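As provided, input-v7.cif (mmCIF, C-alpha atoms) reads as follows.
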data_work
loop_
_atom_site.label_atom_id
_atom_site.label_comp_id
_atom_site.auth_asym_id
_atom_site.auth_seq_id
_atom_site.Cartn_x
_atom_site.Cartn_y
_atom_site.Cartn_z
CA MET V 1 169.58 114.51 -6.20
CA ASN V 2 170.79 118.00 -5.32
CA ARG V 3 169.93 119.29 -8.77
CA VAL V 4 166.27 118.26 -8.36
CA HIS V 5 166.04 119.68 -4.86
CA ASN V 6 167.82 122.87 -5.79
CA SER V 7 165.39 123.57 -8.60
CA LEU V 8 162.55 123.10 -6.13
CA ILE V 9 164.28 125.41 -3.68
CA ASP V 10 164.74 127.97 -6.47
CA GLU V 11 161.04 127.79 -7.29
CA LEU V 12 159.93 128.08 -3.69
CA SER V 13 162.27 131.00 -3.07
CA TYR V 14 161.01 132.73 -6.20
CA ASP V 15 157.40 132.30 -5.01
CA LEU V 16 158.11 133.69 -1.57
CA ASP V 17 155.72 136.33 -0.31
CA PRO V 18 155.82 137.88 3.14
CA VAL V 19 153.49 136.19 5.63
CA ARG V 20 152.17 137.24 9.01
CA PRO V 21 153.13 134.59 11.55
CA MET V 22 150.15 132.98 13.27
CA ARG V 23 150.25 134.15 16.85
CA ILE V 24 148.31 132.53 19.62
CA SER V 25 147.00 135.95 20.69
CA GLY V 26 145.11 136.16 17.37
CA GLY V 27 143.53 132.78 18.04
CA LEU V 28 142.58 133.77 21.57
CA ALA V 29 140.88 136.89 20.24
CA LEU V 30 138.96 134.76 17.73
CA VAL V 31 137.75 132.36 20.45
CA ALA V 32 136.81 135.27 22.74
CA LEU V 33 134.79 136.76 19.89
CA ALA V 34 133.06 133.41 19.33
CA VAL V 35 132.12 133.18 23.02
CA VAL V 36 130.73 136.72 23.05
CA ALA V 37 128.77 135.97 19.87
CA THR V 38 127.40 132.79 21.48
CA VAL V 39 126.27 134.63 24.61
CA VAL V 40 124.61 137.31 22.47
CA LEU V 41 122.89 134.57 20.48
CA VAL V 42 121.65 132.96 23.70
CA GLU V 43 120.32 136.33 24.89
CA LEU V 44 118.51 136.86 21.58
CA LEU V 45 117.04 133.36 21.36
CA ASP V 46 116.36 132.48 25.00
CA GLY V 47 117.17 135.48 27.15
CA LEU V 48 119.82 135.33 29.87
CA TRP V 49 118.59 134.53 33.38
CA ARG V 50 118.17 137.87 35.14
CA GLY V 51 117.93 136.08 38.50
CA VAL V 52 121.72 135.81 38.52
CA LEU V 53 122.07 139.56 39.01
CA ALA V 54 119.29 139.56 41.59
CA GLY V 55 121.25 137.10 43.73
CA GLU V 56 118.87 134.19 43.16
CA ALA V 57 121.43 131.76 41.73
CA SER V 58 122.86 128.98 43.91
CA PRO V 59 126.61 128.41 44.42
CA VAL V 60 126.36 125.32 42.18
CA PHE V 61 125.29 127.59 39.32
CA PHE V 62 128.51 129.60 39.57
CA ILE V 63 130.72 126.57 40.16
CA THR V 64 129.31 124.65 37.19
CA ASN V 65 129.39 127.51 34.73
CA GLY V 66 132.81 128.61 35.99
CA MET V 67 134.22 125.11 35.48
CA LEU V 68 132.69 124.90 32.00
CA ALA V 69 134.20 128.26 31.06
CA LEU V 70 137.62 127.27 32.39
CA LEU V 71 137.55 123.92 30.61
CA GLY V 72 136.48 125.68 27.41
CA ALA V 73 139.38 128.12 27.75
CA ALA V 74 141.93 125.39 28.47
CA ALA V 75 140.74 123.18 25.61
CA SER V 76 140.63 126.13 23.21
CA PHE V 77 144.17 127.07 24.19
CA ALA V 78 145.30 123.50 23.50
CA VAL V 79 143.69 123.60 20.04
CA LEU V 80 145.24 126.97 19.21
CA ARG V 81 148.67 125.62 20.12
CA MET V 82 148.09 122.55 17.97
CA ALA V 83 147.69 124.79 14.91
CA SER V 84 151.41 125.61 15.26
CA PRO V 85 153.09 122.17 15.40
CA HIS V 86 155.93 121.63 17.81
CA VAL V 87 157.63 118.51 19.10
CA GLY V 88 157.10 118.88 22.83
CA ASN V 89 153.59 120.38 22.71
CA THR V 90 151.57 119.11 25.66
CA HIS V 91 147.96 119.66 26.61
CA ASP V 92 147.98 118.83 30.28
CA GLY V 93 145.92 121.89 31.29
CA ALA V 94 142.96 120.79 29.19
CA ARG V 95 143.28 117.20 30.39
CA TRP V 96 143.24 118.18 34.06
CA SER V 97 140.36 120.60 33.52
CA ALA V 98 138.33 117.85 31.86
CA GLY V 99 139.08 115.60 34.82
CA MET V 100 137.89 118.31 37.20
CA LEU V 101 134.61 118.71 35.33
CA ALA V 102 133.92 115.03 35.97
CA LEU V 103 133.57 116.04 39.64
CA LEU V 104 130.13 117.48 38.85
CA PRO V 105 128.33 114.30 37.74
CA THR V 106 130.26 112.43 40.43
CA THR V 107 128.95 114.88 43.04
CA ALA V 108 125.44 114.50 41.64
CA LEU V 109 125.73 110.73 41.99
CA MET V 110 127.06 110.98 45.54
CA MET V 111 124.41 113.49 46.63
CA LEU V 112 121.41 111.90 44.94
CA GLY V 113 122.33 108.22 45.15
CA ILE V 114 121.83 105.83 42.27
CA GLY V 115 118.02 106.09 42.37
CA GLY V 116 118.00 109.88 42.53
CA PHE V 117 120.63 110.11 39.79
CA ALA V 118 118.57 107.83 37.54
CA ALA V 119 115.48 109.93 38.28
CA ALA V 120 117.39 113.12 37.39
CA VAL V 121 118.29 111.52 34.08
CA MET V 122 114.87 110.06 33.28
CA GLU V 123 112.46 112.58 34.77
CA ASP V 124 114.05 116.01 34.26
CA MET V 125 111.70 117.47 31.66
CA TYR V 126 114.09 120.30 30.80
CA GLY V 127 117.27 118.20 30.78
CA LEU V 128 117.23 117.07 27.17
CA GLY V 129 116.50 120.61 25.98
CA CYS V 130 119.49 122.00 27.89
CA PHE V 131 121.68 119.18 26.59
CA LEU V 132 120.73 119.82 22.96
CA ALA V 133 120.86 123.61 23.25
CA GLY V 134 124.28 123.55 24.98
CA SER V 135 125.64 121.28 22.25
CA ALA V 136 124.15 123.36 19.44
CA PHE V 137 125.47 126.67 20.80
CA GLY V 138 128.92 125.06 20.78
CA LEU V 139 128.89 125.21 16.99
CA VAL V 140 130.00 128.84 17.04
CA THR V 141 133.19 128.05 18.97
CA ALA V 142 133.72 124.88 16.93
CA GLY V 143 133.56 126.93 13.72
CA ALA V 144 136.12 129.44 15.01
CA LEU V 145 138.56 126.73 16.10
CA ILE V 146 138.20 124.81 12.83
CA VAL V 147 138.93 128.00 10.86
CA TRP V 148 142.08 128.49 12.96
CA LEU V 149 143.19 124.88 12.53
CA ARG V 150 142.68 125.06 8.77
CA ARG V 151 144.93 128.10 8.59
CA GLY V 152 147.50 126.27 10.71
CA ALA V 153 149.32 122.96 10.41
CA PRO V 154 147.90 120.56 13.00
CA VAL V 155 149.83 117.31 13.15
CA SER V 156 147.88 115.60 15.95
CA LEU V 157 144.57 115.37 14.17
CA ALA V 158 142.69 113.06 16.54
CA ALA V 159 143.66 115.13 19.58
CA ALA V 160 142.81 118.35 17.73
CA GLY V 161 139.36 116.92 17.00
CA ILE V 162 138.70 115.81 20.57
CA TYR V 163 139.83 119.11 22.12
CA THR V 164 137.91 121.16 19.55
CA GLY V 165 134.79 119.21 20.52
CA ILE V 166 135.45 119.57 24.24
CA ALA V 167 136.03 123.33 23.90
CA ALA V 168 132.89 123.74 21.79
CA GLY V 169 130.73 121.67 24.13
CA ALA V 170 132.05 123.41 27.26
CA LEU V 171 131.69 126.95 25.93
CA GLY V 172 128.32 126.25 24.30
CA SER V 173 127.01 124.76 27.53
CA PHE V 174 128.52 127.65 29.51
CA ALA V 175 126.76 130.22 27.32
CA PHE V 176 123.43 128.43 27.45
CA GLY V 177 123.90 127.86 31.18
CA LEU V 178 123.62 131.63 31.66
CA ALA V 179 120.02 131.35 30.47
CA CYS V 180 119.04 128.30 32.52
CA PRO V 181 117.44 129.00 35.92
CA ILE V 182 117.52 125.38 37.08
CA ASP V 183 120.53 125.43 39.35
CA ASP V 184 120.56 122.20 41.33
CA ILE V 185 123.39 119.68 41.08
CA GLY V 186 121.14 116.97 39.61
CA HIS V 187 120.34 119.12 36.57
CA LEU V 188 123.63 120.97 36.11
CA GLY V 189 125.91 118.03 36.93
CA ILE V 190 124.26 115.84 34.30
CA TRP V 191 122.61 117.83 31.54
CA HIS V 192 125.03 120.75 31.39
CA VAL V 193 128.11 118.50 31.45
CA ALA V 194 126.81 116.01 28.89
CA PRO V 195 127.35 118.38 25.89
CA VAL V 196 131.10 118.25 26.61
CA LEU V 197 131.10 114.48 26.28
CA LEU V 198 128.91 114.46 23.17
CA CYS V 199 130.87 117.21 21.40
CA GLY V 200 134.21 115.60 22.33
CA ILE V 201 133.10 112.36 20.64
CA LEU V 202 131.67 114.17 17.62
CA GLY V 203 134.81 116.30 17.31
CA ARG V 204 137.04 113.22 17.32
CA PHE V 205 135.40 111.97 14.14
CA ALA V 206 134.12 115.11 12.41
CA VAL V 207 137.07 117.51 12.77
CA PRO V 208 140.12 115.57 11.43
CA PRO V 209 138.82 115.34 7.83
CA LEU V 210 138.15 119.10 7.89
CA VAL V 211 141.64 120.09 9.04
CA ARG V 212 143.84 117.45 7.38
CA TRP V 213 146.55 118.99 5.15
CA MET Y 1 177.59 121.11 9.40
CA ILE Y 2 173.97 122.16 9.72
CA ALA Y 3 173.07 125.60 11.04
CA ASP Y 4 172.23 125.92 14.72
CA GLU Y 5 168.87 126.80 16.23
CA ALA Y 6 169.55 130.52 16.61
CA SER Y 7 170.69 130.94 12.98
CA MET Y 8 167.72 128.98 11.66
CA ALA Y 9 165.28 131.01 13.73
CA GLN Y 10 166.87 134.22 12.52
CA MET Y 11 166.67 133.08 8.89
CA MET Y 12 163.04 132.04 9.31
CA VAL Y 13 162.12 135.46 10.68
CA ALA Y 14 163.66 137.02 7.56
CA ALA Y 15 161.90 134.47 5.36
CA GLN Y 16 158.52 135.30 6.87
CA LYS Y 17 159.22 138.92 5.98
CA GLY Y 18 159.85 137.90 2.36
CA ASP Y 19 163.67 137.87 2.09
CA ARG Y 20 164.21 135.47 -0.84
CA ALA Y 21 167.99 135.12 -0.58
CA VAL Y 22 167.84 134.20 3.07
CA TYR Y 23 164.91 131.88 2.41
CA ARG Y 24 166.92 130.04 -0.23
CA ALA Y 25 169.75 129.51 2.25
CA LEU Y 26 167.25 128.39 4.88
CA LEU Y 27 165.66 125.82 2.58
CA ALA Y 28 169.09 124.45 1.64
CA GLU Y 29 169.84 123.95 5.34
CA VAL Y 30 166.42 122.40 5.87
CA GLN Y 31 167.06 120.02 2.98
CA LEU Y 32 170.35 118.86 4.51
CA TRP Y 33 168.75 118.46 7.91
CA LEU Y 34 165.86 116.44 6.50
CA GLU Y 35 168.16 114.12 4.57
CA ARG Y 36 169.93 113.33 7.80
CA TYR Y 37 166.72 113.14 9.79
CA PHE Y 38 165.08 110.58 7.50
CA ARG Y 39 168.19 108.49 6.89
CA LYS Y 40 167.62 104.90 8.10
CA ARG Y 41 163.88 105.49 8.36
CA VAL Y 42 163.08 105.76 4.66
CA ALA Y 43 164.18 103.61 1.75
CA PRO Y 44 166.94 105.53 -0.09
CA ALA Y 45 164.96 105.58 -3.32
CA GLN Y 46 162.13 107.39 -1.58
CA LEU Y 47 164.23 109.88 0.35
CA ASP Y 48 164.12 112.54 -2.39
CA ASP Y 49 160.35 112.47 -2.67
CA LEU Y 50 159.84 112.69 1.06
CA VAL Y 51 162.33 115.55 1.48
CA GLN Y 52 160.61 117.46 -1.32
CA GLU Y 53 157.19 116.87 0.25
CA VAL Y 54 158.42 118.30 3.52
CA LEU Y 55 160.06 121.27 1.81
CA LEU Y 56 156.73 122.05 0.15
CA ALA Y 57 154.93 121.68 3.47
CA VAL Y 58 157.43 124.02 5.13
CA HIS Y 59 156.83 126.55 2.35
CA ASN Y 60 153.03 126.32 2.47
CA LYS Y 61 152.84 126.40 6.25
CA ARG Y 62 155.65 128.87 6.98
CA ALA Y 63 153.22 131.24 8.68
CA THR Y 64 152.54 128.62 11.38
CA TRP Y 65 156.00 129.02 12.89
CA ASP Y 66 155.79 131.38 15.82
CA PRO Y 67 159.00 133.46 16.11
CA LYS Y 68 158.71 133.20 19.89
CA ARG Y 69 159.25 129.43 19.73
CA ALA Y 70 162.17 127.27 18.60
CA PHE Y 71 162.54 126.43 14.91
CA TYR Y 72 163.74 122.82 14.91
CA PRO Y 73 160.87 121.37 17.00
CA TRP Y 74 158.47 122.99 14.51
CA LEU Y 75 160.34 121.50 11.57
CA ALA Y 76 160.57 118.10 13.27
CA ALA Y 77 156.81 118.02 13.90
CA ILE Y 78 156.12 118.67 10.22
CA ALA Y 79 158.75 116.12 9.17
CA ARG Y 80 157.26 113.44 11.45
CA TYR Y 81 153.75 114.15 10.19
CA ARG Y 82 154.78 113.82 6.56
CA TRP Y 83 156.90 110.74 7.33
CA ILE Y 84 153.94 108.89 8.87
CA ASP Y 85 151.83 109.90 5.87
CA HIS Y 86 154.58 108.56 3.66
CA LEU Y 87 154.70 105.24 5.52
CA ARG Y 88 150.99 104.82 4.94
CA LYS Y 89 151.45 105.29 1.21
CA VAL Y 90 154.56 103.21 0.66
CA TYR Y 91 154.36 100.17 -1.56
CA ARG Y 92 156.98 97.67 -2.34
CA SER Y 93 159.49 98.49 -5.02
CA ALA Y 94 162.39 96.40 -6.17
CA GLU Y 95 164.98 99.00 -5.26
CA ASP Y 96 163.72 99.64 -1.77
CA GLU Y 97 166.52 97.73 -0.07
CA LEU Y 98 167.73 99.79 2.84
CA GLY Y 99 171.46 100.01 3.11
CA ASP Y 100 173.52 100.75 6.12
CA HIS Y 101 173.52 104.51 6.34
CA ASP Y 102 174.47 104.89 9.93
CA ALA Y 103 176.02 108.25 10.54
CA ALA Y 104 178.53 109.03 13.19
CA GLU Y 105 177.33 111.25 16.00
CA ASP Y 106 179.20 114.15 14.50
CA SER Y 107 178.10 117.10 16.57
CA GLU Y 108 176.52 118.13 19.82
CA GLU Y 109 173.57 119.36 17.82
CA GLU Y 110 172.98 115.71 16.96
CA ALA Y 111 172.46 114.84 20.61
CA VAL Y 112 169.91 117.63 21.00
CA MET Y 113 168.16 116.52 17.84
CA ALA Y 114 167.95 112.96 19.12
CA ARG Y 115 165.13 114.08 21.36
CA MET Y 116 163.06 114.85 18.28
CA SER Y 117 164.26 111.89 16.23
CA LEU Y 118 162.12 109.31 14.53
CA GLU Y 119 163.72 106.53 16.56
CA ARG Y 120 162.31 108.27 19.60
CA LEU Y 121 158.80 107.60 18.30
CA PHE Y 122 159.42 103.88 17.86
CA VAL Y 123 160.32 103.59 21.55
CA HIS Y 124 156.62 103.97 22.36
CA LEU Y 125 155.55 101.08 20.15
CA PRO Y 126 155.60 97.38 21.02
CA GLU Y 127 158.52 95.55 19.42
CA LYS Y 128 156.29 93.51 17.09
CA GLN Y 129 154.68 96.64 15.66
CA VAL Y 130 158.05 98.27 15.04
CA GLU Y 131 159.31 95.11 13.36
CA ALA Y 132 156.26 94.86 11.08
CA ILE Y 133 156.50 98.54 10.06
CA GLU Y 134 160.23 98.32 9.43
CA LEU Y 135 160.02 95.17 7.34
CA VAL Y 136 157.05 96.16 5.17
CA LYS Y 137 157.00 99.95 5.08
CA ILE Y 138 160.71 100.73 5.24
CA GLU Y 139 162.53 97.69 3.85
CA GLY Y 140 159.75 97.06 1.35
CA LEU Y 141 159.10 93.35 1.98
CA SER Y 142 155.73 91.86 1.09
CA ILE Y 143 153.39 90.85 3.91
CA ALA Y 144 154.23 87.19 3.26
CA GLU Y 145 157.98 87.82 3.36
CA ALA Y 146 157.67 89.90 6.49
CA SER Y 147 155.62 87.15 8.08
CA GLN Y 148 158.30 84.59 7.27
CA ARG Y 149 161.13 86.82 8.47
CA SER Y 150 159.46 87.85 11.73
CA GLY Y 151 157.62 84.68 12.63
CA GLN Y 152 154.37 86.65 12.93
CA SER Y 153 151.34 85.39 11.02
CA GLU Y 154 150.37 87.42 7.93
CA SER Y 155 147.25 88.81 9.56
CA LEU Y 156 149.26 89.73 12.65
CA VAL Y 157 151.75 91.63 10.45
CA LYS Y 158 148.85 93.60 8.93
CA VAL Y 159 147.27 94.29 12.30
CA ASN Y 160 150.62 95.37 13.77
CA ILE Y 161 151.25 97.77 10.88
CA HIS Y 162 147.78 99.26 11.19
CA ARG Y 163 147.96 99.67 14.96
CA GLY Y 164 151.56 100.88 14.86
CA LEU Y 165 150.87 103.62 12.31
CA LYS Y 166 147.77 104.69 14.21
CA LYS Y 167 149.79 105.00 17.39
CA LEU Y 168 152.62 106.85 15.61
CA SER Y 169 150.22 109.48 14.31
CA ALA Y 170 149.11 110.18 17.88
CA LEU Y 171 152.73 110.68 18.96
CA VAL Y 172 153.86 113.26 16.39
CA GLU Y 173 154.42 116.04 18.92
CA LYS Y 174 155.73 113.82 21.69
CA ALA Y 175 159.25 114.71 22.81
CA ASP Y 176 160.10 112.13 25.47
#

Show me the file's structure as structure tokens.
Amino acid sequence: MNRVHNSLIDELSYDLDPVRPMRISGGLALVALAVVATVVLVELLDGLWRGVLAGEASPVFFITNGMLALLGAAASFAVLRMASPHVGNTHDGARWSAGMLALLPTTALMMLGIGGFAAAVMEDMYGLGCFLAGSAFGLVTAGALIVWLRRGAPVSLAAAGIYTGIAAGALGSFAFGLACPIDDIGHLGIWHVAPVLLCGILGRFAVPPLVRW
Amino acid sequence: MIADEASMAQMMVAAQKGDRAVYRALLAEVQLWLERYFRKRVAPAQLDDLVQEVLLAVHNKRATWDPKRAFYPWLAAIARYRWIDHLRKVYRSAEDELGDHDAAEDSEEEAVMARMSLERLFVHLPEKQVEAIELVKIEGLSIAEASQRSGQSESLVKVNIHRGLKKLSALVEKAD
């Protein structure tokens, strides 16, 4: 038994090349770059809403986009940590942030009532467009996180997939949210939060096969 | 006696910088640790293969260890991941009988390691799932034999193995 293992150890030692350890700071820089690229893309394709600087945006605009950005950061951080496996890794920050984001559709439901909420879902002519655009812009962040996971050694594949999706959906929706001038709770609490849910589900199934090792 | 956390971390830092002699010593320690780690949870005839698989994984993924974090939890996460993969692949073989390889708790390090042990993972599974996995995937019984031994129906044994392995793979990084 030892003879076989020792020959393997000899081979592996012989093949050893220096490597640069994967540091979380490198991953954070990659995600930051992806977010900047997404915002630039939104500006080029749709144009950011200038009314924000002119003081026209409502508090809900800042709260929603701030929560999306924070959830995106927390979920991204969880994914970056998953690339370096460790018994004892936890992802409570991302979990709590996701729970907090659920406050937005809940608030919309409480403020509008069931009828008003249903109307906001069925009759908002810009809602579906925001939902699809927010999800699509998430692809940039998703790509960056998948690249990082493929370089790493994720051992919790389902969780890595879900959090990659959540991060992508949140940051994509955040970036597109900067271009959307509709700033009432009915629109933001439904159509700008929905990409997080969709991307989380898609990530659960699409990401694991891409990062399995 | 297996090297302690500080020595392993120090050796891994040198290995990441390309020091072959130190890396060789590190892998020898890792091999010993893995043999102990997998004892009782892998059929003896499959222990070699699994240890080699993990050694290769450690080699290929050595850049994923962050020098700011502890070494053994990193190694244990990789070992658990490969072990669950291994359980999925295992088929019955005539020599898979698992002997009694209980080891004495021979060091304090052992107590620390217990937190990352494979037994720790089984605690989170229902008893029936653990029993089905142990009988079929570790002892190497057929589904029919496991059904007879456990009193579970054959389809229940299959379902329990499937659900148990699925749950284990979600627990790889869990420490408590």

Next on the checklist: Residues of chain Y were defined as contacting chain V if any atom lay at most 8 Å from it, counting only C-alpha atoms; please report them as a PyMOL selection string.
Outcome noted: chain Y and resi 15-21+23-24+27-28+31+48+52+56+59+61-67+73-78+81+116+169-176

Checklist entry - Could you spell out the hits of the PyMOL selection byres ((chain V and resi 94) around 10) on the shown file, as number ranges by chain? => result V: 70-79, 90-93, 95-100, 163, 166-167

Next on the checklist: To one decimal place in Å, what is the distance between CA of Trp33 in chain Y and CA of Gly140 in chain Y?
Outcome noted: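 Interatomic distance here is 24.1 Å.
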
Next on the checklist: For a quick check of understanding, using all atoms listed in the file, which of V:Ala170, V:Val140, V:Ala133, V:Met110 has the smallest distance to Leu197 in chain V?
Outcome noted: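 Distance minimum relative to Leu197 in chain V lands on V:Ala170.
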
Next on the checklist: Evaluated on this file, the PyMOL selection byres ((chain V and resi 108) around 10) picks out some residues - which ones are they, written as a ChimeraX atom specification?
Outcome noted: /V:103-107,109-114,116-117,120,184-190

Checklist entry - Of the residues V:Ser173, V:Ser58, V:Ser135, V:Thr141, which is the one nearest to Val36 in chain V, using only C-alpha atoms? => result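 Comparing V:Ser173, V:Ser58, V:Ser135, V:Thr141 against Val36 in chain V, the winner is V:Thr141.
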
Checklist entry - Could you state the separation of CA of Ala179 in chain V and CA of Gly47 in chain V in Å, given to one decimal place? => result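 Rounded to one decimal, the two atoms are 6.0 Å apart.
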
Calculate, to one decimal in Å, the centre and edge lengths of the box along x, y and z of the file that holds all listed atoms of range 14-18 of chain V with 6 Å of margin on each side, and present them as JSON.
{"center_x": 158.4, "center_y": 135.1, "center_z": -1.5, "size_x": 17.3, "size_y": 17.6, "size_z": 21.3}

Checklist entry - So which residues get picked by the PyMOL selection byres ((chain Y and resi 144) around 12) here, written as a PyMOL selection string? => result chain Y and resi 132+135-136+140-143+145-158

Next on the checklist: Could you check the closest approach to Ala34 in chain V for each of V:Gly165, V:Gly203, V:Pro195, V:Gly138 and tell me which residue wins, using all atoms listed in the file?
Outcome noted: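 Between V:Gly165, V:Gly203, V:Pro195, V:Gly138, the residue approaching Ala34 in chain V most closely is V:Gly138.
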
Item to check | Point-to-point distance from CA of Glu35 in chain Y to CA of Leu87 in chain Y, Å rounded to tenths | outcome: 16.2 Å
